[in-house]
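K.L.:
Pasting entry.cif below, which is mmCIF, C-alpha atoms and all ligand atoms.
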data_query
#
loop_
_atom_site.group_PDB
_atom_site.id
_atom_site.type_symbol
_atom_site.label_atom_id
_atom_site.label_comp_id
_atom_site.auth_asym_id
_atom_site.auth_seq_id
_atom_site.Cartn_x
_atom_site.Cartn_y
_atom_site.Cartn_z
ATOM 1 C CA MET A 1 60.430 -2.754 25.930
ATOM 2 C CA PRO A 2 64.030 -3.314 27.026
ATOM 3 C CA LEU A 3 66.562 -3.211 24.226
ATOM 4 C CA ALA A 4 68.178 -6.508 25.185
ATOM 5 C CA ALA A 5 64.860 -8.311 24.692
ATOM 6 C CA GLN A 6 65.209 -8.231 20.908
ATOM 7 C CA THR A 7 67.849 -10.275 19.159
ATOM 8 C CA ALA A 8 68.434 -10.167 15.399
ATOM 9 C CA ASP A 9 66.591 -13.497 15.085
ATOM 10 C CA GLU A 10 63.638 -12.181 17.089
ATOM 11 C CA LEU A 11 63.437 -9.087 14.908
ATOM 12 C CA PHE A 12 63.620 -11.279 11.800
ATOM 13 C CA ARG A 13 60.673 -13.352 13.047
ATOM 14 C CA ARG A 14 58.810 -10.187 14.047
ATOM 15 C CA ASN A 15 59.305 -8.784 10.525
ATOM 16 C CA ILE A 16 58.304 -11.775 8.440
ATOM 17 C CA GLY A 17 55.439 -12.905 10.664
ATOM 18 C CA THR A 18 53.859 -16.245 9.831
ATOM 19 C CA PRO A 19 53.491 -17.695 6.287
ATOM 20 C CA ASP A 20 49.704 -17.275 6.388
ATOM 21 C CA GLN A 21 50.205 -13.512 6.846
ATOM 22 C CA PHE A 22 52.297 -13.051 3.670
ATOM 23 C CA ASN A 23 49.320 -12.852 1.334
ATOM 24 C CA LYS A 24 46.533 -12.000 3.752
ATOM 25 C CA GLN A 25 45.090 -8.579 3.030
ATOM 26 C CA PHE A 26 45.545 -5.938 5.695
ATOM 27 C CA PRO A 27 42.747 -3.351 5.526
ATOM 28 C CA PRO A 28 43.952 -0.825 2.929
ATOM 29 C CA HIS A 29 44.061 2.699 4.322
ATOM 30 C CA LYS A 30 45.457 6.183 3.929
ATOM 31 C CA VAL A 31 48.707 6.587 5.857
ATOM 32 C CA ILE A 32 49.159 10.323 5.383
ATOM 33 C CA GLY A 33 48.734 12.821 2.561
ATOM 34 C CA ASN A 34 48.882 10.951 -0.753
ATOM 35 C CA ILE A 35 50.396 7.764 0.714
ATOM 36 C CA TYR A 36 48.266 4.638 1.134
ATOM 37 C CA TYR A 37 48.921 1.172 2.563
ATOM 38 C CA VAL A 38 48.025 -1.612 0.116
ATOM 39 C CA GLY A 39 50.124 -4.476 1.523
ATOM 40 C CA SER A 40 49.430 -7.656 3.449
ATOM 41 C CA GLU A 41 49.572 -8.405 7.170
ATOM 42 C CA SER A 42 53.359 -8.859 7.080
ATOM 43 C CA LEU A 43 54.587 -7.371 3.783
ATOM 44 C CA SER A 44 54.303 -3.649 3.147
ATOM 45 C CA SER A 45 53.264 -2.161 -0.148
ATOM 46 C CA PHE A 46 52.623 1.563 -0.476
ATOM 47 C CA LEU A 47 50.697 3.445 -3.132
ATOM 48 C CA VAL A 48 51.688 7.062 -3.717
ATOM 49 C CA VAL A 49 48.871 8.815 -5.572
ATOM 50 C CA THR A 50 49.517 11.753 -7.899
ATOM 51 C CA PRO A 51 47.479 13.577 -10.555
ATOM 52 C CA GLN A 52 49.740 12.032 -13.220
ATOM 53 C CA GLY A 53 49.430 8.430 -12.100
ATOM 54 C CA ASN A 54 50.620 6.460 -9.118
ATOM 55 C CA ILE A 55 53.808 4.972 -7.722
ATOM 56 C CA LEU A 56 53.815 1.523 -6.119
ATOM 57 C CA ILE A 57 56.540 0.665 -3.639
ATOM 58 C CA ASN A 58 56.953 -3.130 -3.277
ATOM 59 C CA SER A 59 55.225 -5.752 -5.385
ATOM 60 C CA CYS A 60 55.985 -8.338 -2.641
ATOM 61 C CA PHE A 61 55.709 -12.027 -3.561
ATOM 62 C CA GLU A 62 54.123 -12.731 -6.923
ATOM 63 C CA ALA A 63 51.250 -14.331 -4.979
ATOM 64 C CA THR A 64 50.782 -11.036 -3.076
ATOM 65 C CA VAL A 65 50.110 -9.037 -6.253
ATOM 66 C CA PRO A 66 46.371 -9.921 -6.450
ATOM 67 C CA VAL A 67 46.052 -8.840 -2.794
ATOM 68 C CA ILE A 68 47.766 -5.524 -3.579
ATOM 69 C CA ARG A 69 45.577 -4.996 -6.634
ATOM 70 C CA ALA A 70 42.430 -5.694 -4.605
ATOM 71 C CA SER A 71 43.574 -3.175 -1.972
ATOM 72 C CA VAL A 72 44.304 -0.498 -4.585
ATOM 73 C CA GLU A 73 40.842 -1.005 -6.086
ATOM 74 C CA LYS A 74 39.141 -1.091 -2.675
ATOM 75 C CA LEU A 75 40.561 2.386 -2.059
ATOM 76 C CA GLY A 76 38.960 3.524 -5.313
ATOM 77 C CA PHE A 77 42.109 3.691 -7.434
ATOM 78 C CA LYS A 78 42.897 1.881 -10.670
ATOM 79 C CA PHE A 79 45.721 -0.635 -10.632
ATOM 80 C CA THR A 80 46.504 0.328 -14.228
ATOM 81 C CA ASP A 81 47.277 3.868 -12.996
ATOM 82 C CA VAL A 82 50.503 2.541 -11.454
ATOM 83 C CA LYS A 83 53.132 4.240 -13.634
ATOM 84 C CA ILE A 84 56.281 3.553 -11.595
ATOM 85 C CA LEU A 85 57.209 0.466 -9.565
ATOM 86 C CA LEU A 86 59.896 0.761 -6.888
ATOM 87 C CA GLY A 87 61.107 -1.646 -4.221
ATOM 88 C CA SER A 88 62.732 -1.863 -0.796
ATOM 89 C CA HIS A 89 65.359 -4.485 -1.580
ATOM 90 C CA ALA A 90 66.159 -7.516 -3.717
ATOM 91 C CA HIS A 91 64.479 -10.221 -1.658
ATOM 92 C CA ALA A 92 61.542 -12.215 -2.995
ATOM 93 C CA ASP A 93 59.123 -11.057 -0.290
ATOM 94 C CA HIS A 94 59.446 -7.456 -1.522
ATOM 95 C CA MET A 95 60.164 -7.630 -5.257
ATOM 96 C CA GLU A 96 59.255 -11.071 -6.643
ATOM 97 C CA GLY A 97 56.004 -9.671 -8.055
ATOM 98 C CA ASP A 98 57.710 -7.039 -10.237
ATOM 99 C CA ALA A 99 57.201 -8.945 -13.511
ATOM 100 C CA LEU A 100 53.499 -9.498 -12.809
ATOM 101 C CA VAL A 101 52.910 -5.852 -11.795
ATOM 102 C CA LYS A 102 54.736 -4.742 -14.934
ATOM 103 C CA LYS A 103 52.555 -7.064 -17.033
ATOM 104 C CA LEU A 104 49.323 -5.831 -15.424
ATOM 105 C CA THR A 105 50.115 -2.091 -15.379
ATOM 106 C CA GLY A 106 52.955 -1.388 -17.814
ATOM 107 C CA ALA A 107 54.717 0.498 -14.998
ATOM 108 C CA GLN A 108 58.351 1.540 -15.312
ATOM 109 C CA VAL A 109 60.398 -0.624 -12.942
ATOM 110 C CA MET A 110 63.275 1.140 -11.183
ATOM 111 C CA ALA A 111 65.851 -0.326 -8.815
ATOM 112 C CA MET A 112 69.079 0.592 -7.038
ATOM 113 C CA ALA A 113 72.161 -0.342 -9.089
ATOM 114 C CA GLU A 114 73.788 -2.339 -6.273
ATOM 115 C CA ASP A 115 70.684 -4.555 -6.022
ATOM 116 C CA VAL A 116 70.413 -5.316 -9.746
ATOM 117 C CA PRO A 117 72.535 -8.518 -9.776
ATOM 118 C CA ALA A 118 70.441 -10.036 -6.948
ATOM 119 C CA LEU A 119 67.225 -8.764 -8.508
ATOM 120 C CA MET A 120 67.972 -10.444 -11.830
ATOM 121 C CA LYS A 121 68.035 -13.787 -9.994
ATOM 122 C CA ILE A 122 64.465 -13.304 -8.740
ATOM 123 C CA ARG A 123 62.601 -15.029 -11.573
ATOM 124 C CA PRO A 124 59.242 -16.568 -10.619
ATOM 125 C CA ALA A 125 58.356 -19.310 -13.140
ATOM 126 C CA ASP A 126 61.642 -18.355 -14.838
ATOM 127 C CA LYS A 127 60.283 -15.003 -16.017
ATOM 128 C CA PRO A 128 63.049 -12.444 -16.569
ATOM 129 C CA HIS A 129 63.053 -9.691 -13.956
ATOM 130 C CA PRO A 130 61.962 -6.399 -15.516
ATOM 131 C CA LEU A 131 64.131 -3.304 -15.116
ATOM 132 C CA ASP A 132 63.576 -0.020 -16.946
ATOM 133 C CA LYS A 133 65.814 2.301 -14.962
ATOM 134 C CA THR A 134 68.789 1.852 -12.653
ATOM 135 C CA LEU A 135 68.968 4.210 -9.689
ATOM 136 C CA HIS A 136 71.872 5.485 -7.626
ATOM 137 C CA ASP A 137 72.148 6.745 -4.067
ATOM 138 C CA GLY A 138 70.358 10.087 -3.771
ATOM 139 C CA ASP A 139 68.445 9.814 -7.048
ATOM 140 C CA GLN A 140 65.012 11.412 -7.173
ATOM 141 C CA VAL A 141 61.944 9.779 -8.673
ATOM 142 C CA LYS A 142 59.356 12.391 -9.622
ATOM 143 C CA LEU A 143 55.749 12.044 -10.696
ATOM 144 C CA GLY A 144 52.834 14.469 -10.606
ATOM 145 C CA GLY A 145 54.362 16.835 -8.058
ATOM 146 C CA THR A 146 55.631 14.136 -5.691
ATOM 147 C CA THR A 147 59.339 13.466 -5.248
ATOM 148 C CA LEU A 148 60.719 10.274 -3.744
ATOM 149 C CA VAL A 149 64.425 10.071 -2.884
ATOM 150 C CA ALA A 150 66.294 6.753 -3.065
ATOM 151 C CA HIS A 151 68.814 6.343 -0.251
ATOM 152 C CA LEU A 152 71.264 3.455 -0.417
ATOM 153 C CA THR A 153 71.032 1.713 2.965
ATOM 154 C CA ALA A 154 73.050 -1.414 2.194
ATOM 155 C CA GLY A 155 73.910 -4.306 4.470
ATOM 156 C CA HIS A 156 70.677 -6.294 4.438
ATOM 157 C CA THR A 157 71.209 -6.423 0.650
ATOM 158 C CA ARG A 158 73.858 -4.632 -1.394
ATOM 159 C CA GLY A 159 71.351 -2.170 -2.816
ATOM 160 C CA CYS A 160 68.787 -2.028 -0.018
ATOM 161 C CA THR A 161 66.872 1.206 -0.521
ATOM 162 C CA THR A 162 65.239 3.523 1.971
ATOM 163 C CA TRP A 163 62.719 5.856 0.354
ATOM 164 C CA THR A 164 61.978 9.330 1.662
ATOM 165 C CA THR A 165 59.325 11.796 0.628
ATOM 166 C CA GLN A 166 57.193 14.564 2.075
ATOM 167 C CA ALA A 167 53.465 14.368 2.649
ATOM 168 C CA THR A 168 51.059 17.177 3.391
ATOM 169 C CA GLU A 169 48.106 16.868 5.726
ATOM 170 C CA ASP A 170 45.952 19.624 7.288
ATOM 171 C CA GLY A 171 48.302 22.255 5.895
ATOM 172 C CA LYS A 172 51.414 20.732 7.461
ATOM 173 C CA THR A 173 54.277 18.974 5.706
ATOM 174 C CA TYR A 174 55.712 15.777 7.154
ATOM 175 C CA ASP A 175 58.933 13.889 6.428
ATOM 176 C CA VAL A 176 58.199 10.272 5.575
ATOM 177 C CA VAL A 177 60.838 7.511 5.702
ATOM 178 C CA ILE A 178 60.220 4.007 4.351
ATOM 179 C CA ILE A 179 63.009 1.929 5.891
ATOM 180 C CA GLY A 180 64.367 -0.640 3.404
ATOM 181 C CA SER A 181 65.632 -2.925 6.182
ATOM 182 C CA VAL A 182 68.581 -3.003 8.537
ATOM 183 C CA GLY A 183 67.804 -6.490 9.822
ATOM 184 C CA VAL A 184 70.489 -9.156 10.101
ATOM 185 C CA ASN A 185 68.903 -12.349 8.807
ATOM 186 C CA PRO A 186 69.766 -15.761 10.235
ATOM 187 C CA GLY A 187 72.864 -17.037 8.454
ATOM 188 C CA TYR A 188 74.235 -13.598 7.533
ATOM 189 C CA LYS A 189 78.009 -13.448 7.931
ATOM 190 C CA LEU A 190 79.101 -10.082 9.276
ATOM 191 C CA VAL A 191 82.727 -11.210 9.647
ATOM 192 C CA ASN A 192 84.949 -13.265 7.337
ATOM 193 C CA ASN A 193 82.404 -12.883 4.569
ATOM 194 C CA ASP A 194 84.229 -13.604 1.314
ATOM 195 C CA GLU A 195 81.303 -12.619 -0.891
ATOM 196 C CA VAL A 196 80.611 -9.276 0.816
ATOM 197 C CA PRO A 197 83.756 -8.439 2.812
ATOM 198 C CA GLY A 198 82.432 -5.010 3.796
ATOM 199 C CA MET A 199 79.014 -6.106 5.013
ATOM 200 C CA ALA A 200 79.358 -4.903 8.613
ATOM 201 C CA GLY A 201 80.648 -1.538 7.377
ATOM 202 C CA GLU A 202 77.688 -1.226 5.016
ATOM 203 C CA TYR A 203 75.275 -1.716 7.931
ATOM 204 C CA MET A 204 77.134 0.887 9.996
ATOM 205 C CA ARG A 205 76.984 3.420 7.190
ATOM 206 C CA SER A 206 73.250 2.715 6.840
ATOM 207 C CA PHE A 207 72.503 3.243 10.540
ATOM 208 C CA LYS A 208 74.383 6.532 10.429
ATOM 209 C CA LEU A 209 72.534 7.646 7.323
ATOM 210 C CA LEU A 210 69.124 6.626 8.680
ATOM 211 C CA ARG A 211 69.778 8.558 11.891
ATOM 212 C CA SER A 212 70.591 11.642 9.821
ATOM 213 C CA LEU A 213 67.250 11.620 7.995
ATOM 214 C CA PRO A 214 64.493 13.865 9.297
ATOM 215 C CA CYS A 215 61.495 11.655 10.050
ATOM 216 C CA ASP A 216 57.979 12.394 11.248
ATOM 217 C CA VAL A 217 56.323 9.334 9.739
ATOM 218 C CA PRO A 218 58.348 6.102 9.958
ATOM 219 C CA LEU A 219 57.298 3.299 7.622
ATOM 220 C CA GLY A 220 59.100 0.133 6.564
ATOM 221 C CA SER A 221 59.220 -2.805 4.194
ATOM 222 C CA HIS A 222 57.472 -4.886 6.858
ATOM 223 C CA PRO A 223 54.589 -3.259 8.765
ATOM 224 C CA SER A 224 55.970 -4.507 12.094
ATOM 225 C CA MET A 225 58.904 -2.104 11.596
ATOM 226 C CA TYR A 226 56.510 0.713 12.450
ATOM 227 C CA ASN A 227 53.973 -1.164 14.531
ATOM 228 C CA LEU A 228 51.095 -0.944 12.055
ATOM 229 C CA ALA A 229 48.952 -3.448 13.956
ATOM 230 C CA ALA A 230 48.933 -1.182 17.016
ATOM 231 C CA LYS A 231 48.568 2.090 15.090
ATOM 232 C CA TYR A 232 45.822 1.103 12.664
ATOM 233 C CA PRO A 233 43.016 0.870 15.283
ATOM 234 C CA LEU A 234 43.856 4.451 16.347
ATOM 235 C CA LEU A 235 43.258 5.874 12.846
ATOM 236 C CA GLY A 236 40.565 8.537 12.818
ATOM 237 C CA LYS A 237 40.308 8.600 16.628
ATOM 238 C CA GLY A 238 42.694 11.487 17.276
ATOM 239 C CA PRO A 239 45.999 12.675 15.871
ATOM 240 C CA ASN A 240 47.338 10.628 12.958
ATOM 241 C CA PRO A 241 48.999 7.626 14.713
ATOM 242 C CA PHE A 242 51.538 7.294 11.907
ATOM 243 C CA ILE A 243 53.170 10.585 12.963
ATOM 244 C CA ASP A 244 55.678 9.009 15.333
ATOM 245 C CA PRO A 245 59.208 10.455 15.297
ATOM 246 C CA ALA A 246 60.027 8.695 18.587
ATOM 247 C CA GLY A 247 58.982 5.382 17.022
ATOM 248 C CA TYR A 248 61.525 5.922 14.243
ATOM 249 C CA LYS A 249 64.368 6.413 16.729
ATOM 250 C CA HIS A 250 63.188 3.432 18.774
ATOM 251 C CA GLU A 251 63.158 1.168 15.722
ATOM 252 C CA LEU A 252 66.694 2.238 14.780
ATOM 253 C CA ASP A 253 67.823 1.717 18.370
ATOM 254 C CA ILE A 254 66.506 -1.830 18.636
ATOM 255 C CA GLN A 255 67.808 -2.751 15.171
ATOM 256 C CA GLU A 256 71.258 -1.308 15.780
ATOM 257 C CA HIS A 257 71.443 -2.993 19.181
ATOM 258 C CA ALA A 258 70.611 -6.347 17.586
ATOM 259 C CA PHE A 259 73.143 -5.739 14.781
ATOM 260 C CA LEU A 260 75.964 -4.854 17.192
ATOM 261 C CA GLN A 261 75.148 -7.849 19.382
ATOM 262 C CA ARG A 262 75.285 -10.185 16.359
ATOM 263 C CA LEU A 263 78.542 -8.570 15.163
ATOM 264 C CA ASP A 264 80.087 -9.033 18.593
ATOM 265 C CA GLU A 265 79.018 -12.703 18.754
ATOM 266 C CA GLN A 266 80.478 -13.399 15.314
ATOM 267 C CA LYS A 267 83.722 -11.565 16.088
ATOM 268 C CA LYS A 268 84.158 -13.546 19.295
ATOM 269 C CA ALA A 269 83.393 -16.839 17.542
ATOM 270 C CA ALA A 270 86.038 -15.966 14.935
ATOM 271 C CA GLY A 271 88.557 -15.153 17.656
ATOM 272 C CA LEU A 272 88.705 -11.483 16.623
HETATM 273 ZN ZN ZN B 301 64.871 -8.782 3.196
#
How does the structure come out when it is put into structure tokens?
P.N.:
Amino acid sequence: MPLAAQTADELFRRNIGTPDQFNKQFPPHKVIGNIYYVGSESLSSFLVVTPQGNILINSCFEATVPVIRASVEKLGFKFTDVKILLGSHAHADHMEGDALVKKLTGAQVMAMAEDVPALMKIRPADKPHPLDKTLHDGDQVKLGGTTLVAHLTAGHTRGCTTWTTQATEDGKTYDVVIIGSVGVNPGYKLVNNDEVPGMAGEYMRSFKLLRSLPCDVPLGSHPSMYNLAAKYPLLGKGPNPFIDPAGYKHELDIQEHAFLQRLDEQKKAAGL
């Protein structure tokens, strides 16, 4: 599709989908190696399975947690085997369910330092947000032979986190990237932003960093970031459809195009 067809607002709507999709189960499935999809139609949640327990990436809304649990169990895993809970970024659609997941599994909750202030404000029914460990850019999270690396890809939130790991399938090792988000939401101020004066610079650093990461298997905090709906029907009918390095570059291209367009609009409107 032509780059100009996607504005930041269009990508935002593409990512969040419709409200009825938030908590509607998407068929749980193996993505690659020890990585499984346990999220909804519009909110990604990934289960990384290891011999020493499992890692869950994204609790989503609190109301999504029962959907995630049902997906984990449908795949034959125990929800109580979740030992570590990670997240993409401090927005309710990705991390509101942290307290409930912690209550149900006892998992250690870890989050990027720059996202902690925003995370502490996500309190469904006024429950305090759990946090067992604060992470920093480049930190590794290890469990049962699997290593996940936390990359700070700020802009969308101050501590937005892109997770990378490696997965093995049919004797080959693949680089997996779970994009935190580089979307510019409606209302975001990229210029003259008193609260986050460096926001545009944070996005630019994130695009540069994301482009530097080796990626065979692009994933994201919303399944539309890697076109899950189109790839899922191809599962088991040929090569693994999630191996899509060109799709990773394409996603970064359309997101960066939309970001630069929005930045330009805001600069012009501000007379800069
Ligand atoms: Zn977000």
K.L.:
Please provide as a ChimeraX atom specification all residues within 9 Å of Ala118 of chain A, with the sequence filter that same-chain residues fewer than 6 positions apart are discarded (counting all atoms listed in the file).
P.N.:
/A:90-91,157-159
K.L.:
Each residue of chain A with at least one atom at most 9 Å from ligand ZN 301 (chain B) should appear once, together with its nearest atom pair and the corresponding distance in Å (one decimal); atoms considered: all atoms listed in the file; ordering: chain, then increasing residue number; output as a Markdown table.
P.N.:
| residue | atom | partner | partner_atom | distance |
| --- | --- | --- | --- | --- |
| A:Ile16 | CA | B:ZN301 | ZN | 8.9 |
| A:Ser88 | CA | B:ZN301 | ZN | 8.3 |
| A:His89 | CA | B:ZN301 | ZN | 6.4 |
| A:Ala90 | CA | B:ZN301 | ZN | 7.1 |
| A:His91 | CA | B:ZN301 | ZN | 5.1 |
| A:Ala92 | CA | B:ZN301 | ZN | 7.8 |
| A:Asp93 | CA | B:ZN301 | ZN | 7.1 |
| A:His94 | CA | B:ZN301 | ZN | 7.3 |
| A:His156 | CA | B:ZN301 | ZN | 6.4 |
| A:Thr157 | CA | B:ZN301 | ZN | 7.2 |
| A:Cys160 | CA | B:ZN301 | ZN | 8.4 |
| A:Gly180 | CA | B:ZN301 | ZN | 8.2 |
| A:Ser181 | CA | B:ZN301 | ZN | 6.6 |
| A:Val182 | CA | B:ZN301 | ZN | 8.7 |
| A:Gly183 | CA | B:ZN301 | ZN | 7.6 |
| A:Val184 | CA | B:ZN301 | ZN | 8.9 |
| A:Asn185 | CA | B:ZN301 | ZN | 7.8 |
| A:Ser221 | CA | B:ZN301 | ZN | 8.3 |
K.L.:
When you draw a straight line from atom CA of Ala150 of chain A to atom CA of Asn23 of chain A, how long is it in Å?
P.N.:
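Computed distance, atom CA of Ala150 of chain A to atom CA of Asn23 of chain A, equals 26.3 Å.
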K.L.:
Assuming the chain letters and numbering stay as they are in my file, what does the PyMOL selection byres (((chain A and resi 168) around 12) and not hetatm) actually select? List them as a PDB file with C-alpha atoms, in the frame of the given file.
P.N.:
ATOM      1  CA  VAL A  31      48.707   6.587   5.857  1.00  0.00           C
ATOM      2  CA  ILE A  32      49.159  10.323   5.383  1.00  0.00           C
ATOM      3  CA  GLY A  33      48.734  12.821   2.561  1.00  0.00           C
ATOM      4  CA  ASN A  34      48.882  10.951  -0.753  1.00  0.00           C
ATOM      5  CA  ILE A  35      50.396   7.764   0.714  1.00  0.00           C
ATOM      6  CA  GLY A 145      54.362  16.835  -8.058  1.00  0.00           C
ATOM      7  CA  THR A 146      55.631  14.136  -5.691  1.00  0.00           C
ATOM      8  CA  THR A 165      59.325  11.796   0.628  1.00  0.00           C
ATOM      9  CA  GLN A 166      57.193  14.564   2.075  1.00  0.00           C
ATOM     10  CA  ALA A 167      53.465  14.368   2.649  1.00  0.00           C
ATOM     11  CA  GLU A 169      48.106  16.868   5.726  1.00  0.00           C
ATOM     12  CA  ASP A 170      45.952  19.624   7.288  1.00  0.00           C
ATOM     13  CA  GLY A 171      48.302  22.255   5.895  1.00  0.00           C
ATOM     14  CA  LYS A 172      51.414  20.732   7.461  1.00  0.00           C
ATOM     15  CA  THR A 173      54.277  18.974   5.706  1.00  0.00           C
ATOM     16  CA  TYR A 174      55.712  15.777   7.154  1.00  0.00           C
ATOM     17  CA  ASP A 175      58.933  13.889   6.428  1.00  0.00           C
ATOM     18  CA  VAL A 176      58.199  10.272   5.575  1.00  0.00           C
ATOM     19  CA  ASP A 216      57.979  12.394  11.248  1.00  0.00           C
ATOM     20  CA  VAL A 217      56.323   9.334   9.739  1.00  0.00           C
ATOM     21  CA  ILE A 243      53.170  10.585  12.963  1.00  0.00           C
TER      22      ILE A 243
END
K.L.:
In Å, how far is it from atom CA of Ser224 of chain A to atom CA of Asn15 of chain A?
P.N.:
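Atom-to-atom, atom CA of Ser224 of chain A to atom CA of Asn15 of chain A, that is 5.6 Å.
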K.L.:
Could you spell out the hits of the PyMOL selection byres (((chain A and resi 251) around 12) and not hetatm) on the shown file, as a VMD selection string?
P.N.:
chain A and resid 1 3 6 11 15 179 181 to 183 207 210 to 211 218 to 220 223 to 227 244 to 250 252 to 258
K.L.:
Which neighbours of segment 196-203 of chain A fall inside 7 Å, counting all atoms listed in the file, when residues of the same chain fewer than 6 positions from it are skipped, and could you give them as a compact mmCIF listing (two decimals) with C-alpha atoms, in the frame of the given file?
P.N.:
# COMPACT_ATOMS: atom_id res chain seq x y z
CA ALA A 154 73.05 -1.41 2.19
CA GLY A 155 73.91 -4.31 4.47
CA VAL A 182 68.58 -3.00 8.54
CA LEU A 190 79.10 -10.08 9.28
K.L.:
Give as a list in words the residues that the PyMOL selection byres (((chain A and resi 53) around 7) and not hetatm) matches when applied to the coordinates above.
P.N.:
Val49, Thr50, Pro51, Gln52, Asn54, Asp81, Val82 and Lys83 of chain A
